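Presented below is the structure to which this report refers.
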Amino acid sequence: MKVAVIGCTHAGTAAIVNTAQLYPDAEITVYERNDNISFLSCGIALYVGGVIKDPQGLFYSSPDKLRELGANVKMRHEVTAIDTNSKTLRARNLDNGQEFDDSYDKLIMTTGSWPIVPKLTGMDLDGILLSKNYSHSNTIIEKAQQVDRITVVGAGYIGVELVEAFQMNGKQVTLIDAEDRILSKYLDEEFTTPIQKSLEDHGIKLALGEKVSSFAGEGGKVTKVITSKGEHETDMVILCIGFRPNTELLKGQVDMLPNGAIIVNDYMQTSIPDVFAAGDSCAIHYNPTGKNAYIPLATNAVRMGTLVARNLVSNLIPYMGTQGTSGIKIYEDNIAGTGLTEDAAKAEGMDIESVIITDNYRPEFMPTFEQVQVKVVFDRETRRLLGAQIMSKMDLTQSINTVSVCIQNKMTIDQLAFIDFFFQPHYNKPWNFLNTAGLQALPKTVTQKEPVTV
């Protein structure tokens, strides 16, 4: 069995390792256009901020490790065309320009994503950077040492983490986003408002509700970001406005979402059975809505890549879908979320309710007891759990993984109230804060029913 894998970050690495282990006789050829694999881009802000001293810790595999498993790893090779009818591909060696053809029995598309780059005046100015891969992170670190004023465009996870890192390194930082709130795709206003205050208290300038229209510069270097509401002087700009899937190679050959994300079934197959896809190149099944969605996360990628290998020959293990569970630490606040926010649920046209609590995470007779804020979103009619968010100075983010499992298994807010959690004063109260959220959401009145007789 000839297996061709295109792209080798999280999904690709998982697919290759598991395919090599499960099918030792398979002939695996890997095409990767970069000079490294398995870079954890979620650690870029930690690397930029100096928390991570040795960037090699951000790589959990290498071409040599894959070769030891028997894979034919072609680094600095770009696949330029795929013909799914003839099961062939064309590739180019980026070092010498040589082109050649190859064939496959099974194709695994793990080409990932790339930052969205707007077509704006001044985009060609020096000092406007992207934040995605290892090369980007090194460029950011190098250039940041030479400047004082840094502007980040895009207030998602990467953007917010970067402005914190730059501020802690003594830079003058501006964060611009077209939305009125930071992290608006991940958290509701009750959580973003205190985070925004924390950023401003640390001296970060927030320019929210502003859309970037162009860039201006002097001597070929960027000096100004021009938005719908004004201008911001700067020495460097980092664009963090989102990602789009790298799927041009299969355009018109397999089913895709409007943004180009490849649609896969429960067994990671595309609309062509011998073509599989995983990671940022494809859509996921989003359990809170029951629809396909584009949620590029490393956790989704490694799960899907592993499932590709397991289902490469026959349909064995179905994909359970995802809740888009994620977390972030901003200064002293530990924050996590899973599933739909209240705003996102309403945007979907769903009839929902929500409950929010603020409580001390453990008994007040203990020497310390940090507050925790929890919000849970659920369906009004079925009372099925749809999403949750948490924030605390204490790291309680793992509880969001519990809610993720609850959503995965279609549990209700009423069941959340009575889940069996242990009690120990060092860690929590007799009613865990997740229980408390569920209890607060219980109906305020009950309807009497006839007793059941046996």
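Following the order of the structure tokens, chains are lettered A, B, ..., residues in each are numbered from 1, and ligands are numbered from 1.
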Selection: 10 Å around Val225 in chain A, only C-alpha atoms, excl. self and same-chain fewer than 3 positions, as a list of chain:residue names: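 These residues fall inside the cut-off: A:Gly122, A:Thr151, A:Val153, A:Ile176, A:Val212, A:Ser213, A:Ser214, A:Phe215, A:Ala216, A:Gly217, A:Val222, A:Gly230, A:Glu231, A:His232, A:Glu233, A:Thr234, A:Asp235, A:Met236, A:Val237.
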Create the file for the chosen residues now, containing C-alpha atoms and written as a PDB file, in the first residue's frame.
```
ATOM      1  CA  GLY A 122       1.266  49.352   2.322  1.00  0.00           C
ATOM      2  CA  THR A 151       1.023  46.839  16.934  1.00  0.00           C
ATOM      3  CA  VAL A 153      -3.865  43.311  14.481  1.00  0.00           C
ATOM      4  CA  ILE A 176      -6.387  46.488  17.066  1.00  0.00           C
ATOM      5  CA  VAL A 212      -7.455  48.461   9.422  1.00  0.00           C
ATOM      6  CA  SER A 213      -7.658  50.185   6.043  1.00  0.00           C
ATOM      7  CA  SER A 214      -3.976  50.660   5.119  1.00  0.00           C
ATOM      8  CA  PHE A 215      -0.392  51.013   6.299  1.00  0.00           C
ATOM      9  CA  ALA A 216       1.986  53.928   5.841  1.00  0.00           C
ATOM     10  CA  GLY A 217       5.750  54.072   6.102  1.00  0.00           C
ATOM     11  CA  VAL A 222       6.066  50.637   8.366  1.00  0.00           C
ATOM     12  CA  GLY A 230      -7.758  56.999  13.144  1.00  0.00           C
ATOM     13  CA  GLU A 231      -4.045  56.315  12.990  1.00  0.00           C
ATOM     14  CA  HIS A 232      -1.622  54.434  15.220  1.00  0.00           C
ATOM     15  CA  GLU A 233       2.116  55.086  15.059  1.00  0.00           C
ATOM     16  CA  THR A 234       4.200  51.953  15.200  1.00  0.00           C
ATOM     17  CA  ASP A 235       7.578  50.397  14.417  1.00  0.00           C
ATOM     18  CA  MET A 236       6.317  46.875  13.733  1.00  0.00           C
ATOM     19  CA  VAL A 237       3.002  45.173  12.918  1.00  0.00           C
TER      20      VAL A 237
END
```
Using only C-alpha atoms, what table do you get, as a Markdown table, when you list each residue of range 372-392 of chain A with an atom no more than 10 Å from range 276-288 of chain A, its nearest pair of atoms, and their distance in Å rounded to one decimal, rows by chain then rising number?
```
| residue | atom | partner | partner_atom | distance |
| --- | --- | --- | --- | --- |
| A:Phe378 | CA | A:Pro288 | CA | 9.6 |
| A:Asp379 | CA | A:Pro288 | CA | 9.9 |
| A:Arg384 | CA | A:Pro288 | CA | 9.2 |
| A:Leu385 | CA | A:Pro288 | CA | 8.0 |
| A:Leu386 | CA | A:Pro288 | CA | 5.2 |
| A:Gly387 | CA | A:Pro288 | CA | 7.4 |
```
Once you have the residues from the selection above, write them out as a JSON list (two decimals), in the first residue's frame, restricted to C-alpha atoms.
```
[["chain", "number", "residue", "atom", "x", "y", "z"],
["A", 378, "PHE", "CA", -27.91, 25.35, 27.42],
["A", 379, "ASP", "CA", -30.87, 24.71, 25.12],
["A", 384, "ARG", "CA", -28.99, 20.05, 26.66],
["A", 385, "LEU", "CA", -25.60, 21.60, 27.51],
["A", 386, "LEU", "CA", -24.16, 23.68, 24.67],
["A", 387, "GLY", "CA", -21.17, 25.52, 26.12]]
```
Can you pull out every residue from range 383-419 of chain A that DSSP, working from the backbone, puts in strand (DSSP E), and format the result as a PDB file with N, CA, C and O atoms, in the first residue's frame?
```
ATOM      1  N   LEU A 385     -26.744  20.709  27.365  1.00  0.00           N
ATOM      2  CA  LEU A 385     -25.605  21.599  27.511  1.00  0.00           C
ATOM      3  C   LEU A 385     -25.011  21.940  26.148  1.00  0.00           C
ATOM      4  O   LEU A 385     -24.825  21.060  25.300  1.00  0.00           O
ATOM      5  N   LEU A 386     -24.697  23.218  25.945  1.00  0.00           N
ATOM      6  CA  LEU A 386     -24.165  23.677  24.666  1.00  0.00           C
ATOM      7  C   LEU A 386     -22.796  24.325  24.788  1.00  0.00           C
ATOM      8  O   LEU A 386     -22.037  24.376  23.813  1.00  0.00           O
ATOM      9  N   GLY A 387     -22.463  24.850  25.971  1.00  0.00           N
ATOM     10  CA  GLY A 387     -21.170  25.520  26.118  1.00  0.00           C
ATOM     11  C   GLY A 387     -20.930  25.983  27.534  1.00  0.00           C
ATOM     12  O   GLY A 387     -21.865  26.049  28.355  1.00  0.00           O
ATOM     13  N   ALA A 388     -19.682  26.309  27.832  1.00  0.00           N
ATOM     14  CA  ALA A 388     -19.329  26.818  29.165  1.00  0.00           C
ATOM     15  C   ALA A 388     -18.041  27.606  29.090  1.00  0.00           C
ATOM     16  O   ALA A 388     -17.209  27.391  28.198  1.00  0.00           O
ATOM     17  N   GLN A 389     -17.874  28.534  30.041  1.00  0.00           N
ATOM     18  CA  GLN A 389     -16.668  29.347  30.150  1.00  0.00           C
ATOM     19  C   GLN A 389     -16.306  29.471  31.632  1.00  0.00           C
ATOM     20  O   GLN A 389     -17.189  29.449  32.485  1.00  0.00           O
ATOM     21  N   ILE A 390     -15.005  29.605  31.896  1.00  0.00           N
ATOM     22  CA  ILE A 390     -14.556  29.714  33.280  1.00  0.00           C
ATOM     23  C   ILE A 390     -13.368  30.672  33.357  1.00  0.00           C
ATOM     24  O   ILE A 390     -12.579  30.767  32.421  1.00  0.00           O
ATOM     25  N   MET A 391     -13.280  31.398  34.476  1.00  0.00           N
ATOM     26  CA  MET A 391     -12.144  32.278  34.709  1.00  0.00           C
ATOM     27  C   MET A 391     -11.877  32.367  36.195  1.00  0.00           C
ATOM     28  O   MET A 391     -12.797  32.510  36.993  1.00  0.00           O
ATOM     29  N   SER A 392     -10.587  32.289  36.568  1.00  0.00           N
ATOM     30  CA  SER A 392     -10.208  32.392  37.971  1.00  0.00           C
ATOM     31  C   SER A 392      -8.716  32.677  38.079  1.00  0.00           C
ATOM     32  O   SER A 392      -7.941  32.361  37.162  1.00  0.00           O
TER      33      SER A 392
END
```
For CA of Lys221 in chain A and CA of Leu46 in chain A, the interatomic separation in Å (one decimal):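 These atoms are spaced 26.4 Å apart.
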Range 213-440 of chain A: residues DSSP assigns to alpha helix (DSSP H), reported as a VMD selection string: chain A and resid 298 to 310 342 to 347 398 to 408 413 to 417 433 to 440
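Between CA of Asp333 in chain A and CA of Asp177 in chain A the separation is 21.2 Å.
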Separation of CA of Asp83 in chain A from CA of Gln269 in chain A, in Å and rounded to one decimal: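 Between CA of Asp83 in chain A and CA of Gln269 in chain A the gap works out to 16.6 Å.
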Residue among A:Ser184, A:Gln373, A:Thr193, A:Thr88 lying closest to Thr341 in chain A, counting only C-alpha atoms: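 Using only C-alpha atoms, the shortest distance to Thr341 in chain A belongs to A:Ser184.
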Spatial neighbours of Phe39 in chain A, max dist 10 Å, only C-alpha atoms, sep filter under 6 positions, as a list in words: Cys8, Thr9, His10, Pro55, Gln56, Gly57, Leu58, Phe59, Tyr60, Ser61, Ser62, Lys132, Asn133 and Tyr134 of chain A
Generate a file of the selected residues that holds all heavy atoms, formatted as a tab-separated table (two decimals), in the first residue's frame.
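Output file out-v2.tsv follows:
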```tsv
chain	number	residue	atom	x	y	z
A	8	CYS	N	3.11	18.20	7.12
A	8	CYS	CA	3.54	17.44	8.30
A	8	CYS	C	3.70	18.34	9.52
A	8	CYS	O	4.81	18.61	9.97
A	8	CYS	CB	4.84	16.71	8.01
A	8	CYS	SG	5.29	15.52	9.28
A	9	THR	N	2.57	18.82	10.03
A	9	THR	CA	2.63	19.48	11.33
A	9	THR	C	1.94	18.55	12.31
A	9	THR	O	2.38	17.43	12.51
A	9	THR	CB	1.98	20.88	11.26
A	9	THR	OG1	2.61	21.61	10.21
A	9	THR	CG2	2.22	21.67	12.54
A	10	HIS	N	0.84	18.95	12.93
A	10	HIS	CA	0.23	18.11	13.97
A	10	HIS	C	-0.52	16.91	13.39
A	10	HIS	O	-0.25	15.77	13.72
A	10	HIS	CB	-0.69	18.95	14.84
A	10	HIS	CG	-0.03	20.15	15.41
A	10	HIS	ND1	1.15	20.07	16.11
A	10	HIS	CD2	-0.36	21.47	15.37
A	10	HIS	CE1	1.52	21.28	16.49
A	10	HIS	NE2	0.63	22.15	16.05
A	55	PRO	N	13.83	26.84	21.96
A	55	PRO	CA	12.71	26.60	21.06
A	55	PRO	C	12.59	25.17	20.58
A	55	PRO	O	11.54	24.76	20.08
A	55	PRO	CB	12.99	27.55	19.88
A	55	PRO	CG	14.47	27.75	19.90
A	55	PRO	CD	14.84	27.73	21.35
A	56	GLN	N	13.65	24.38	20.74
A	56	GLN	CA	13.57	22.98	20.31
A	56	GLN	C	12.52	22.21	21.10
A	56	GLN	O	12.02	21.18	20.64
A	56	GLN	CB	14.94	22.31	20.44
A	56	GLN	CG	15.98	22.85	19.46
A	56	GLN	CD	15.50	22.84	18.02
A	56	GLN	OE1	15.04	21.81	17.52
A	56	GLN	NE2	15.58	23.99	17.36
A	57	GLY	N	12.18	22.72	22.27
A	57	GLY	CA	11.12	22.08	23.06
A	57	GLY	C	9.75	22.21	22.42
A	57	GLY	O	8.81	21.50	22.81
A	58	LEU	N	9.63	23.11	21.43
A	58	LEU	CA	8.36	23.30	20.73
A	58	LEU	C	8.19	22.31	19.58
A	58	LEU	O	7.17	22.33	18.89
A	58	LEU	CB	8.26	24.74	20.20
A	58	LEU	CG	8.16	25.82	21.29
A	58	LEU	CD1	8.26	27.20	20.66
A	58	LEU	CD2	6.85	25.68	22.06
A	59	PHE	N	9.18	21.47	19.37
A	59	PHE	CA	9.08	20.41	18.36
A	59	PHE	C	9.00	19.07	19.08
A	59	PHE	O	9.83	18.76	19.93
A	59	PHE	CB	10.32	20.41	17.45
A	59	PHE	CG	10.48	21.66	16.63
A	59	PHE	CD1	11.22	22.74	17.13
A	59	PHE	CD2	9.91	21.77	15.38
A	59	PHE	CE1	11.39	23.89	16.38
A	59	PHE	CE2	10.06	22.92	14.62
A	59	PHE	CZ	10.80	23.99	15.12
A	60	TYR	N	8.00	18.26	18.74
A	60	TYR	CA	7.87	16.98	19.41
A	60	TYR	C	8.20	15.80	18.49
A	60	TYR	O	8.06	14.64	18.88
A	60	TYR	CB	6.46	16.80	20.00
A	60	TYR	CG	5.34	16.96	19.00
A	60	TYR	CD1	4.87	15.89	18.26
A	60	TYR	CD2	4.73	18.20	18.83
A	60	TYR	CE1	3.84	16.04	17.35
A	60	TYR	CE2	3.70	18.37	17.93
A	60	TYR	CZ	3.26	17.28	17.18
A	60	TYR	OH	2.23	17.43	16.29
A	61	SER	N	8.62	16.11	17.27
A	61	SER	CA	9.07	15.06	16.36
A	61	SER	C	10.09	15.68	15.42
A	61	SER	O	10.41	16.88	15.52
A	61	SER	CB	7.90	14.46	15.57
A	61	SER	OG	8.34	13.32	14.83
A	62	SER	N	10.62	14.88	14.51
A	62	SER	CA	11.60	15.37	13.55
A	62	SER	C	11.57	14.49	12.31
A	62	SER	O	11.08	13.35	12.36
A	62	SER	CB	13.00	15.35	14.17
A	62	SER	OG	13.42	14.00	14.35
A	132	LYS	N	2.85	32.34	12.54
A	132	LYS	CA	2.31	31.00	12.31
A	132	LYS	C	3.34	29.91	12.58
A	132	LYS	O	3.07	28.97	13.31
A	132	LYS	CB	1.80	30.91	10.86
A	132	LYS	CG	1.43	29.51	10.38
A	132	LYS	CD	0.21	28.96	11.11
A	132	LYS	CE	-0.21	27.63	10.50
A	132	LYS	NZ	-1.35	27.02	11.23
A	133	ASN	N	4.52	30.03	11.95
A	133	ASN	CA	5.48	28.94	12.04
A	133	ASN	C	6.77	29.35	12.75
A	133	ASN	O	6.91	30.46	13.26
A	133	ASN	CB	5.77	28.37	10.65
A	133	ASN	CG	6.31	29.43	9.69
A	133	ASN	OD1	6.96	30.38	10.11
A	133	ASN	ND2	6.04	29.25	8.40
A	134	TYR	N	7.72	28.43	12.77
A	134	TYR	CA	8.99	28.65	13.49
A	134	TYR	C	9.77	29.80	12.89
A	134	TYR	O	10.36	30.62	13.61
A	134	TYR	CB	9.81	27.35	13.43
A	134	TYR	CG	11.12	27.40	14.16
A	134	TYR	CD1	11.20	27.86	15.48
A	134	TYR	CD2	12.29	26.97	13.54
A	134	TYR	CE1	12.41	27.89	16.15
A	134	TYR	CE2	13.51	26.99	14.22
A	134	TYR	CZ	13.56	27.46	15.52
A	134	TYR	OH	14.75	27.48	16.19
```
Test item: residues at most 12 Å from Val405 in chain A, only C-alpha atoms, excluding those fewer than 4 positions along its chain, as a ChimeraX atom specification: /A:287-288,320-325,338-339,385-388,398-401,409-412,416
Would you put the residues from that selection into a file with C-alpha atoms, as a short mmCIF file (atom, residue, chain, number, x, y, z; two decimals), in the first residue's frame?
```cif
data_model
loop_
_atom_site.label_atom_id
_atom_site.label_comp_id
_atom_site.auth_asym_id
_atom_site.auth_seq_id
_atom_site.Cartn_x
_atom_site.Cartn_y
_atom_site.Cartn_z
CA ASN A 287 -21.22 18.78 18.39
CA PRO A 288 -22.98 21.80 19.94
CA MET A 320 -16.77 11.77 17.91
CA GLY A 321 -16.71 15.39 16.81
CA THR A 322 -15.45 18.25 18.90
CA GLN A 323 -16.57 21.05 21.18
CA GLY A 324 -13.72 23.39 20.24
CA THR A 325 -12.38 23.29 23.79
CA THR A 338 -15.88 24.83 25.40
CA GLY A 339 -18.78 24.75 22.98
CA LEU A 385 -25.60 21.60 27.51
CA LEU A 386 -24.16 23.68 24.67
CA GLY A 387 -21.17 25.52 26.12
CA ALA A 388 -19.33 26.82 29.17
CA GLN A 398 -9.45 21.48 33.73
CA SER A 399 -13.10 21.61 34.80
CA ILE A 400 -13.92 22.82 31.28
CA ASN A 401 -12.74 19.43 30.01
CA ASN A 409 -22.50 12.94 25.60
CA LYS A 410 -25.53 15.22 25.20
CA MET A 411 -26.04 15.72 28.92
CA THR A 412 -28.41 18.34 30.32
CA LEU A 416 -24.71 18.77 35.59
#
```
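Distances from A:Met75, A:Met109, A:Leu94, A:Leu257 to Met304 in chain A were compared using only C-alpha atoms, and the smallest one belongs to A:Met109.
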For range 184-254 of chain A against range 351-372 of chain A, with a cut-off of 12 Å and counting only C-alpha atoms, what is the closest atom pair and its distance in Å to one decimal for every residue that makes the cut, ordered by chain and number, as a tab-separated table?
```
residue	atom	partner	partner_atom	distance
A:Asp188	CA	A:Ile356	CA	10.9
A:Glu189	CA	A:Ile356	CA	11.8
A:Glu190	CA	A:Ile356	CA	9.0
A:Phe191	CA	A:Ile356	CA	10.7
```
Expected file: the selected residues, C-alpha atoms, as a compact mmCIF listing (two decimals), in the first residue's frame:
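In the end it all went to out_15.txt:
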```txt
# COMPACT_ATOMS: atom_id res chain seq x y z
CA ASP A 188 -18.88 36.28 26.28
CA GLU A 189 -18.73 39.86 27.51
CA GLU A 190 -18.76 38.93 31.21
CA PHE A 191 -15.29 37.44 30.66
```
Nearby residues (only C-alpha atoms) at most 8 Å from Glu210 in chain A, same-chain spacing under 6 positions excluded, as number ranges by chain: A: 176-179, 227-229
